[in-house]
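What follows is the content of work-v9.cif, which has mmCIF, C-alpha atoms and all ligand atoms:
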```cif
data_input
loop_
_atom_site.label_atom_id
_atom_site.label_comp_id
_atom_site.auth_asym_id
_atom_site.auth_seq_id
_atom_site.Cartn_x
_atom_site.Cartn_y
_atom_site.Cartn_z
CA MET A 1 49.59 -88.04 -85.35
CA ASN A 2 52.50 -90.36 -84.50
CA ASN A 3 52.36 -92.79 -81.57
CA GLU A 4 54.39 -90.65 -79.17
CA GLU A 5 52.14 -87.65 -79.88
CA LYS A 6 49.15 -89.90 -79.17
CA TYR A 7 50.62 -90.82 -75.75
CA PHE A 8 51.37 -87.17 -75.06
CA ARG A 9 47.70 -86.34 -75.71
CA LEU A 10 46.63 -89.23 -73.46
CA ILE A 11 48.74 -87.86 -70.59
CA LEU A 12 47.03 -84.46 -70.94
CA LYS A 13 43.63 -86.15 -71.12
CA GLN A 14 44.31 -88.05 -67.89
CA LEU A 15 45.39 -84.83 -66.16
CA CYS A 16 42.18 -83.19 -67.32
CA ARG A 17 40.17 -86.08 -65.87
CA MET A 18 42.01 -85.92 -62.56
CA TYR A 19 42.11 -82.16 -62.02
CA GLY A 20 39.70 -80.65 -64.56
CA VAL A 21 42.57 -78.64 -66.08
CA ASP A 22 42.95 -78.86 -69.84
CA PHE A 23 46.66 -78.44 -70.53
CA SER A 24 46.06 -78.84 -74.27
CA GLU A 25 45.01 -75.15 -74.07
CA TYR A 26 48.38 -74.11 -72.65
CA ARG A 27 51.45 -73.28 -74.74
CA GLN A 28 52.48 -76.72 -75.95
CA SER A 29 56.20 -75.91 -76.16
CA THR A 30 56.26 -75.04 -72.42
CA ILE A 31 54.17 -78.09 -71.47
CA LYS A 32 56.45 -80.44 -73.44
CA ARG A 33 59.57 -78.90 -71.90
CA ARG A 34 58.23 -79.22 -68.36
CA LEU A 35 56.94 -82.75 -69.00
CA ALA A 36 60.40 -83.74 -70.33
CA ARG A 37 61.94 -82.45 -67.08
CA ARG A 38 59.60 -84.57 -65.01
CA MET A 39 60.17 -87.62 -67.25
CA ALA A 40 63.96 -87.22 -66.92
CA PHE A 41 63.55 -87.03 -63.13
CA THR A 42 61.52 -90.26 -63.04
CA GLY A 43 63.71 -92.05 -65.60
CA ALA A 44 60.89 -92.51 -68.17
CA GLY A 45 62.34 -92.67 -71.68
CA SER A 46 59.16 -91.99 -73.66
CA TYR A 47 55.61 -90.65 -73.21
CA HIS A 48 54.43 -94.25 -73.42
CA GLU A 49 56.70 -95.32 -70.55
CA TYR A 50 55.70 -92.29 -68.50
CA LEU A 51 52.00 -93.01 -69.02
CA ASP A 52 52.56 -96.57 -67.72
CA MET A 53 54.35 -95.08 -64.73
CA LEU A 54 51.41 -92.74 -64.04
CA GLN A 55 49.05 -95.69 -64.08
CA GLU A 56 51.22 -97.69 -61.68
CA MET A 57 51.92 -94.75 -59.34
CA PRO A 58 48.93 -92.36 -59.39
CA GLN A 59 50.70 -90.07 -56.85
CA GLU A 60 52.97 -89.10 -59.75
CA TYR A 61 50.05 -87.06 -61.16
CA ASN A 62 50.46 -84.57 -58.32
CA HIS A 63 54.14 -84.12 -59.10
CA LEU A 64 53.32 -83.64 -62.76
CA LEU A 65 50.63 -81.05 -62.03
CA HIS A 66 53.12 -79.20 -59.85
CA GLU A 67 55.78 -79.33 -62.58
CA LEU A 68 53.43 -78.10 -65.34
CA THR A 69 52.09 -75.16 -63.31
CA ILE A 70 55.17 -73.06 -62.79
CA LYS A 71 55.26 -71.62 -59.27
CA LEU A 72 57.96 -69.00 -59.41
CA SER A 73 56.94 -66.11 -57.12
CA ARG A 74 58.16 -64.02 -54.19
CA PHE A 75 57.04 -61.19 -51.91
CA PHE A 76 56.88 -57.79 -53.63
CA ARG A 77 57.97 -59.33 -56.93
CA ASN A 78 58.71 -56.29 -59.03
CA GLN A 79 58.81 -53.64 -56.26
CA TYR A 80 57.80 -50.88 -58.63
CA VAL A 81 54.29 -52.34 -59.10
CA PHE A 82 53.75 -52.20 -55.33
CA GLU A 83 54.98 -48.60 -55.20
CA ARG A 84 52.42 -47.73 -57.89
CA LEU A 85 49.75 -49.59 -55.95
CA GLN A 86 50.47 -47.54 -52.84
CA ASN A 87 50.97 -44.16 -54.52
CA GLU A 88 48.43 -44.25 -57.38
CA VAL A 89 46.10 -47.25 -57.53
CA PHE A 90 44.87 -47.41 -53.91
CA PRO A 91 44.49 -43.60 -53.63
CA ASP A 92 42.35 -43.61 -56.78
CA ILE A 93 40.20 -46.60 -55.75
CA LEU A 94 39.59 -45.24 -52.25
CA LYS A 95 38.79 -41.76 -53.53
CA SER A 96 36.10 -43.27 -55.72
CA LYS A 97 34.78 -45.37 -52.79
CA LYS A 98 34.43 -42.20 -50.70
CA GLU A 99 32.67 -40.33 -53.52
CA HIS A 100 30.12 -43.15 -53.74
CA ASP A 101 29.91 -43.63 -49.97
CA ARG A 102 31.02 -47.26 -50.21
CA ASN A 103 33.43 -49.15 -48.01
CA VAL A 104 33.55 -52.58 -49.70
CA LEU A 105 36.93 -53.30 -51.27
CA ARG A 106 37.44 -56.46 -53.31
CA ILE A 107 40.77 -57.62 -54.65
CA TRP A 108 41.65 -60.79 -56.57
CA CYS A 109 45.12 -62.26 -57.08
CA ALA A 110 44.58 -64.83 -59.83
CA GLY A 111 47.30 -67.49 -60.15
CA CYS A 112 48.66 -66.66 -56.70
CA ALA A 113 51.02 -69.66 -56.29
CA PHE A 114 52.14 -69.82 -52.61
CA GLY A 115 50.38 -66.57 -51.65
CA ASP A 116 53.39 -64.25 -51.58
CA GLU A 117 51.70 -61.83 -53.98
CA ALA A 118 48.32 -61.75 -52.19
CA TYR A 119 50.01 -61.05 -48.83
CA SER A 120 52.18 -58.38 -50.46
CA VAL A 121 49.02 -56.65 -51.71
CA ALA A 122 47.43 -56.88 -48.24
CA ILE A 123 50.54 -55.36 -46.60
CA THR A 124 50.65 -52.58 -49.21
CA LEU A 125 46.98 -51.75 -48.58
CA VAL A 126 47.42 -51.70 -44.80
CA GLU A 127 50.51 -49.49 -45.16
CA PHE A 128 48.56 -47.14 -47.42
CA LEU A 129 45.66 -46.86 -44.95
CA LYS A 130 48.09 -46.31 -42.09
CA ARG A 131 49.77 -43.48 -44.00
CA LYS A 132 46.34 -41.91 -44.59
CA ARG A 133 45.55 -42.35 -40.88
CA GLU A 134 42.60 -44.56 -41.74
CA LYS A 135 41.59 -47.78 -40.04
CA THR A 136 41.53 -51.12 -41.87
CA ASP A 137 38.39 -51.95 -39.87
CA ASP A 138 36.52 -49.04 -41.47
CA TYR A 139 36.59 -50.98 -44.75
CA ASP A 140 35.06 -54.30 -45.66
CA ILE A 141 38.14 -55.80 -47.31
CA THR A 142 38.33 -59.13 -49.13
CA ILE A 143 41.47 -60.25 -50.89
CA PHE A 144 41.13 -63.55 -52.75
CA GLY A 145 44.18 -65.54 -53.73
CA THR A 146 43.31 -68.27 -56.22
CA ASP A 147 45.19 -71.03 -58.00
CA ILE A 148 44.41 -74.37 -59.61
CA ASP A 149 46.85 -76.24 -57.41
CA GLU A 150 45.32 -77.07 -54.01
CA GLY A 151 48.72 -78.15 -52.63
CA THR A 152 50.03 -74.66 -53.30
CA LEU A 153 47.02 -73.06 -51.60
CA GLU A 154 47.50 -75.16 -48.47
CA LYS A 155 50.98 -73.67 -48.15
CA ALA A 156 49.63 -70.20 -48.89
CA ARG A 157 47.14 -70.51 -46.03
CA LEU A 158 49.98 -71.34 -43.63
CA GLY A 159 51.77 -68.11 -44.58
CA GLU A 160 55.23 -69.50 -43.83
CA TYR A 161 58.17 -68.87 -46.12
CA ASP A 162 61.91 -69.24 -46.46
CA GLY A 163 64.35 -66.39 -46.90
CA ASP A 164 64.35 -66.62 -50.67
CA ALA A 165 60.64 -65.67 -50.90
CA ALA A 166 61.25 -62.69 -48.61
CA ARG A 167 64.48 -61.44 -50.19
CA GLU A 168 62.89 -58.27 -51.61
CA VAL A 169 61.03 -57.32 -48.43
CA LYS A 170 62.28 -54.10 -46.83
CA LYS A 171 63.53 -54.25 -43.25
CA GLY A 172 60.72 -52.08 -41.81
CA ILE A 173 58.06 -54.25 -43.46
CA LEU A 174 59.74 -57.44 -42.28
CA ASP A 175 59.78 -56.16 -38.71
CA GLU A 176 56.15 -55.10 -38.80
CA TYR A 177 54.42 -57.87 -40.75
CA PHE A 178 56.53 -61.01 -40.33
CA LEU A 179 57.58 -63.13 -37.38
CA VAL A 180 61.16 -63.97 -38.22
CA SER A 181 63.06 -66.91 -36.82
CA GLY A 182 66.40 -67.66 -38.51
CA ASP A 183 65.66 -68.13 -42.19
CA TYR A 184 61.96 -68.66 -41.56
CA TYR A 185 59.32 -65.96 -42.09
CA ARG A 186 55.72 -66.10 -40.93
CA VAL A 187 53.10 -63.56 -42.02
CA VAL A 188 51.39 -61.97 -38.99
CA ASP A 189 47.77 -62.94 -38.27
CA SER A 190 46.34 -59.45 -38.92
CA ILE A 191 47.51 -59.70 -42.55
CA LYS A 192 46.49 -63.34 -42.92
CA ALA A 193 42.97 -62.38 -41.79
CA LEU A 194 42.57 -60.15 -44.85
CA VAL A 195 43.33 -62.88 -47.40
CA SER A 196 41.24 -65.94 -48.37
CA PHE A 197 42.76 -68.63 -50.53
CA THR A 198 40.46 -70.67 -52.70
CA ILE A 199 40.85 -73.01 -55.63
CA HIS A 200 39.79 -71.56 -58.98
CA ASP A 201 40.62 -72.46 -62.55
CA LEU A 202 41.06 -69.35 -64.68
CA ALA A 203 40.18 -71.46 -67.73
CA SER A 204 36.84 -72.53 -66.23
CA GLU A 205 33.91 -71.94 -68.54
CA THR A 206 31.42 -71.99 -65.67
CA HIS A 207 33.04 -69.94 -62.90
CA MET A 208 34.16 -66.57 -64.13
CA SER A 209 35.75 -65.52 -60.83
CA PRO A 210 35.86 -66.62 -57.18
CA PRO A 211 34.01 -67.47 -55.05
CA ALA A 212 32.22 -70.10 -57.11
CA GLY A 213 28.69 -69.29 -58.14
CA VAL A 214 28.65 -65.67 -57.01
CA VAL A 215 28.67 -62.78 -59.43
CA THR A 216 31.49 -60.62 -58.21
CA SER A 217 32.86 -57.22 -58.96
CA TYR A 218 36.46 -56.51 -58.16
CA ASP A 219 38.17 -53.17 -57.63
CA LEU A 220 41.56 -54.62 -58.41
CA ILE A 221 42.70 -57.81 -60.12
CA LEU A 222 46.31 -58.92 -60.34
CA CYS A 223 46.93 -61.69 -62.84
CA ARG A 224 50.68 -61.68 -63.23
CA ASN A 225 52.93 -64.23 -64.88
CA THR A 226 50.14 -66.74 -65.47
CA LEU A 227 48.52 -65.80 -68.81
CA ILE A 228 51.94 -66.18 -70.41
CA TYR A 229 51.66 -69.98 -70.11
CA PHE A 230 48.33 -70.10 -71.95
CA SER A 231 47.69 -70.47 -75.69
CA VAL A 232 46.43 -67.28 -77.40
CA PRO A 233 42.74 -68.46 -77.59
CA LEU A 234 42.81 -69.38 -73.89
CA GLN A 235 44.45 -66.06 -73.00
CA GLU A 236 41.58 -64.26 -74.75
CA ARG A 237 38.90 -66.29 -73.00
CA VAL A 238 40.50 -65.74 -69.59
CA PHE A 239 41.01 -62.09 -70.32
CA LEU A 240 37.32 -61.65 -71.10
CA ASN A 241 36.47 -63.15 -67.68
CA LEU A 242 38.91 -60.83 -65.94
CA PHE A 243 37.40 -57.88 -67.78
CA LYS A 244 33.83 -58.86 -66.82
CA SER A 245 34.87 -59.42 -63.18
CA LEU A 246 36.20 -55.88 -62.81
CA ASN A 247 34.09 -52.93 -61.64
CA PRO A 248 34.01 -49.95 -63.98
CA GLY A 249 37.04 -47.89 -62.91
CA GLY A 250 38.64 -51.07 -61.50
CA TYR A 251 42.30 -51.82 -62.03
CA LEU A 252 43.98 -54.75 -63.75
CA ILE A 253 47.66 -55.55 -63.32
CA LEU A 254 49.36 -58.07 -65.60
CA GLY A 255 52.89 -59.49 -65.59
CA LYS A 256 55.77 -57.63 -67.23
CA SER A 257 55.71 -59.76 -70.38
CA GLU A 258 51.92 -59.90 -70.68
CA SER A 259 49.56 -57.43 -72.28
CA ILE A 260 45.92 -56.71 -73.04
CA PRO A 261 44.61 -58.40 -76.22
CA LYS A 262 44.26 -55.88 -79.08
CA ASN A 263 40.44 -56.15 -79.20
CA HIS A 264 40.20 -55.04 -75.53
CA GLU A 265 42.59 -52.11 -75.66
CA ASP A 266 39.73 -49.59 -76.01
CA SER A 267 38.14 -50.80 -72.77
CA PHE A 268 41.09 -49.72 -70.63
CA ILE A 269 43.14 -46.64 -69.89
CA ILE A 270 46.82 -47.50 -69.77
CA LYS A 271 48.00 -46.19 -66.41
CA ASN A 272 51.51 -47.57 -66.66
CA GLN A 273 52.57 -49.42 -69.79
CA LYS A 274 55.91 -50.60 -68.41
CA GLU A 275 54.37 -52.08 -65.25
CA LYS A 276 51.23 -53.27 -67.09
CA ILE A 277 48.77 -51.34 -64.93
CA TYR A 278 45.39 -50.70 -66.59
CA LYS A 279 42.15 -49.06 -65.51
CA LYS A 280 38.79 -50.27 -66.84
CA ILE A 281 36.85 -47.46 -68.48
C1 LIG A 301 54.41 -68.20 -62.10
S1 LIG A 301 53.10 -68.35 -60.94
C2 LIG A 301 52.67 -66.65 -60.74
C3 LIG A 301 52.61 -66.27 -59.29
C4 LIG A 301 52.33 -64.79 -59.01
N1 LIG A 301 51.14 -64.32 -59.70
C5 LIG A 301 53.51 -63.94 -59.38
O1 LIG A 301 53.48 -63.26 -60.41
O2 LIG A 301 54.50 -63.97 -58.65
C6 LIG A 301 51.76 -68.97 -61.98
C7 LIG A 301 50.65 -69.61 -61.16
O3 LIG A 301 49.50 -69.76 -61.99
C8 LIG A 301 48.85 -70.96 -61.61
N2 LIG A 301 47.97 -71.41 -62.71
C9 LIG A 301 48.32 -72.04 -63.86
N3 LIG A 301 47.22 -72.31 -64.58
C10 LIG A 301 46.16 -71.82 -63.88
C11 LIG A 301 44.75 -71.80 -64.11
N4 LIG A 301 44.21 -72.35 -65.21
N5 LIG A 301 43.96 -71.22 -63.18
C12 LIG A 301 44.49 -70.67 -62.06
N6 LIG A 301 45.81 -70.66 -61.78
C13 LIG A 301 46.64 -71.24 -62.68
C14 LIG A 301 49.99 -71.92 -61.32
O4 LIG A 301 49.58 -73.01 -60.51
C15 LIG A 301 51.01 -70.99 -60.63
O5 LIG A 301 50.88 -71.05 -59.24
#
```

Have the structure of the file written as structure tokens, please.
Ligand SMILES: C[S@@+](CC[C@H](N)C(=O)[O-])C[C@H]1O[C@@H](n2cnc3c(N)ncnc32)[C@H](O)[C@@H]1O
Amino acid sequence: MNNEEKYFRLILKQLCRMYGVDFSEYRQSTIKRRLARRMAFTGAGSYHEYLDMLQEMPQEYNHLLHELTIKLSRFFRNQYVFERLQNEVFPDILKSKKEHDRNVLRIWCAGCAFGDEAYSVAITLVEFLKRKREKTDDYDITIFGTDIDEGTLEKARLGEYDGDAAREVKKGILDEYFLVSGDYYRVVDSIKALVSFTIHDLASETHMSPPAGVVTSYDLILCRNTLIYFSVPLQERVFLNLFKSLNPGGYLILGKSESIPKNHEDSFIIKNQKEKIYKKI
């Protein structure tokens, strides 16, 4: 290992100490590219120089964490997935709830960034229930949005966005579920009440799923555009946790460029290959 590589490893080690996140398990090409961007921004010419900078200005760690955990998201990202949720996934889940005389509905958006996705799921569910002339209050609904970046979750809890995040939201939905003022969009309280944001590391070896310490069974898990940043061994470990956290018959939705590891393919029915919608057998 050359000296620069040694300093690179030290930066990752420091991050792990600070935040408990082991970026050596992420795709190293992505991590190095994002780190280079941050170094260019700060003017550091080498890993060594950047490490010195981190030691002198510990607040730089937050910026680095933010840079390494890519936050790209928006409301109803990939509309088609939300159409399938409303027309196929929710009808199937609720039919099964009725058959078993249960009203508890648990949903987990893992790697939720600023919360756009979790709120989009909540709005889709409320719209579905409205169409079926059912009341949200008749169900015990919990939607968890989780991420490793607490700064991101603080913004998610506020539920306030700019126009870019809301660019795919249809007019009727905007009118009903957002308070709009200029280019500023605020999610209405009735939707916010359905979603809880909590910190959770998907790579954690101790906490399989949120909330910490509780064995949980989810009816639906969305983990989109997050696994793609992990190394293959980490993807498999995380995937196993997602699998164990799902109820039998529960649904898993991955990102467009993600897929189920080969050794788990038999545990799921592919409901929609293009949109990466799977149902646990
Ligand atoms: C590109 S965003 C995806 C947002 C949303 N799921 C979507 O598809 O629009 C990836 C998110 O995963 C989060 N993330 C990265 N590593 C994570 C980990 N180990 N545990 C939980 N979240 C993680 C990042 O902080 C970031 O907010």

Using all atoms listed in the file, find each protein or nucleic acid residue lying at most 9 Å from ligand LIG 301 (chain A); present the set as a ChimeraX atom specification. /A:21-23,26,65-66,68-78,109-118,146-150,152-153,199-204,222-230,238,254-255

Atom CA of Ile141 of chain A to atom CA of Ser196 of chain A: how many Å, to one decimal?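 These atoms are spaced 10.7 Å apart.
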
From the set A:Asp162, A:Lys274, A:Phe197, A:Arg27, which residue has the shortest atom-to-atom contact distance to Pro233 of chain A, counting all atoms listed in the file?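 For Pro233 of chain A, the nearest of the given residues is A:Arg27.
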
Can you pull out every residue within 9 Å of segment 54-62 of chain A, counting all atoms listed in the file, but drop anything in the same chain fewer than 4 positions away, and send it as an mmCIF file with C-alpha atoms, in the coordinates of the input?
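Output saved as selection-v8.cif:
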```
data_model
loop_
_atom_site.group_PDB
_atom_site.id
_atom_site.type_symbol
_atom_site.label_atom_id
_atom_site.label_comp_id
_atom_site.auth_asym_id
_atom_site.auth_seq_id
_atom_site.Cartn_x
_atom_site.Cartn_y
_atom_site.Cartn_z
ATOM 1 C CA ILE A 11 48.740 -87.860 -70.590
ATOM 2 C CA GLN A 14 44.310 -88.050 -67.890
ATOM 3 C CA LEU A 15 45.390 -84.830 -66.160
ATOM 4 C CA MET A 18 42.010 -85.920 -62.560
ATOM 5 C CA GLU A 49 56.700 -95.320 -70.550
ATOM 6 C CA TYR A 50 55.700 -92.290 -68.500
ATOM 7 C CA HIS A 66 53.120 -79.200 -59.850
ATOM 8 C CA GLU A 67 55.780 -79.330 -62.580
ATOM 9 C CA GLY A 151 48.720 -78.150 -52.630
#
```

Report, in Å with one decimal, the straight-line distance from atom CA of Gly163 of chain A to atom CA of Leu179 of chain A. 12.1 Å

Can you tell me how far atom CA of Ser120 of chain A sits from atom CA of Phe243 of chain A, in Å to one decimal?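 Separation of atom CA of Ser120 of chain A and atom CA of Phe243 of chain A: 22.8 Å.
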
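Closest approach to Gly250 of chain A among A:Glu275, A:Asp219, A:Glu134, A:Asp140 is made by A:Asp219 (distances from only C-alpha atoms).
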
Counting all atoms listed in the file, what is within 10 Å of Lys271 of chain A, bar same-chain residues fewer than 3 positions away, as a VMD selection string? chain A and resid 84 88 to 89 251 to 253 268 274 to 279

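In terms of minimum interatomic distance to Thr124 of chain A, A:Gln86 ranks closest within A:Thr216, A:Asn103, A:Thr136, A:Gln86, counting all atoms listed in the file.
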
Could you check the closest approach to Asp266 of chain A for each of A:Met53, A:Ile281, A:Leu64, A:Leu125 and tell me which residue wins, using all atoms listed in the file?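 Counting all atoms listed in the file, the residue closest to Asp266 of chain A is A:Ile281.
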
All residues 12 Å or closer to Glu265 of chain A, all atoms listed in the file, same chain fewer than 2 positions away omitted, as a list in words: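 Close residues of Glu265 of chain A: Phe239, Leu240, Phe243, Ser259, Ile260, Pro261, Lys262, Asn263, Ser267, Phe268, Ile269, Ile270, Gln273, Tyr278, Lys279, Lys280 and Ile281 of chain A.
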
Taking into account all atoms listed in the file, which residue in the set A:Gly145, A:Asn87, A:Gln235, A:Cys16 is nearest to Arg131 of chain A?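 Comparing A:Gly145, A:Asn87, A:Gln235, A:Cys16 against Arg131 of chain A, the winner is A:Asn87.
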